[in-house]
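Below: one structure, written as structure tokens.
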Amino acid sequence: MTPAPDRPETIEVRISETSVCPRCAIPVLLSARYPHAWSNRAGERVDGHKETALCGSCDMSDPAARPLLAALLCADGRPVAPRLDEAFAGLVLDWLAIVRDRTPNRADLDAEEARWRAGDL
Ligand SMILES: [Zn+2]
């Protein structure tokens with residue numbers, strides 16, 4: 001959801017001391033924490049925060065991540081320290097504009113649950 005129009009949005013971006021990827025367990029290249037709101041069962045707005053991580057392995061095939069990955073990885077795939085300038089901030093904002101409201105694919109979740117229940121995970 002979008003922030004309330006009367007509040008500026010603060011986005012906390014981390015490129016060091018990041019958490020591990022929840023998908024593959026390697027340290028993520030970047031994480032972004034930002035305001036997030038949703039409606040509860042009563043229809044009331046609930047304000048909180050959401051965090052999205054960029055993984056140098058899992059997100060390689062995501063077109064939305066490619067420009068940001070190019071700024072964070074050298075040609076052989078090793079992480080590099082990015083120039084923390086307006087161009088880099090723009091890459092982060094462009095990436096977040098696409099990925100922040102993605103929801104999990106229900107069919108993928110159901111398939112993963114079935115594999116977990118079958119003992120395959
Ligand atoms: Zn990963």
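Chain lettering (A, B, ...) mirrors the order of the structure tokens, residue numbering begins at 1 for each chain separately, and ligand numbering begins at 1 in order of display.
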Nearby residues (only C-alpha atoms) at most 12 Å from stretch 70-74 of chain A, same-chain spacing under 6 positions excluded, as a PyMOL selection string: chain A and resi 15-16+28-30+54-57+59-60+63-64+80-85+87-92
One-decimal distance in Å that lies between atom CA of A:Leu93 and atom CA of A:Arg14: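 Between atom CA of A:Arg14 and atom CA of A:Leu93 the gap is 13.4 Å.
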List every residue of chain A that DSSP, applied to the backbone, labels as helix (DSSP H, G or I), and write the result as an MDAnalysis selection string. chainID A and resid 66:72 86:99 106:117
Rank nothing, just name the residue among A:Arg41, A:Pro8, A:Asp62, A:Val46 nearest to ligand 1, using only C-alpha atoms and all ligand atoms. A:Asp62
From the list A:Ala32, A:Ser19, A:Gly43, A:Cys58, which residue is nearest ligand 1 when using only C-alpha atoms and all ligand atoms? A:Cys58
Which is closest to ligand 1 among A:Ala42, A:Ala37, A:Leu121, A:Ala53, if we use only C-alpha atoms and all ligand atoms? A:Ala53
So which bits of stretch 21-117 of chain A end up strand (DSSP E or B) when you DSSP the backbone, as a ChimeraX atom specification? /A:27,30-39,45-54,73,79
Considering only C-alpha atoms and all ligand atoms, can you say which of A:Leu96, A:Tyr34, A:Thr52, A:Asp101 comes closest to ligand 1?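 Checking each of A:Leu96, A:Tyr34, A:Thr52, A:Asp101 against ligand 1, counting only C-alpha atoms and all ligand atoms, the winner is A:Thr52.
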From A:Ile11, A:Ala75, A:Arg23, A:Glu112, residue lying nearest A:Pro35 [only C-alpha atoms]: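 For A:Pro35, the nearest of the given residues is A:Ile11.
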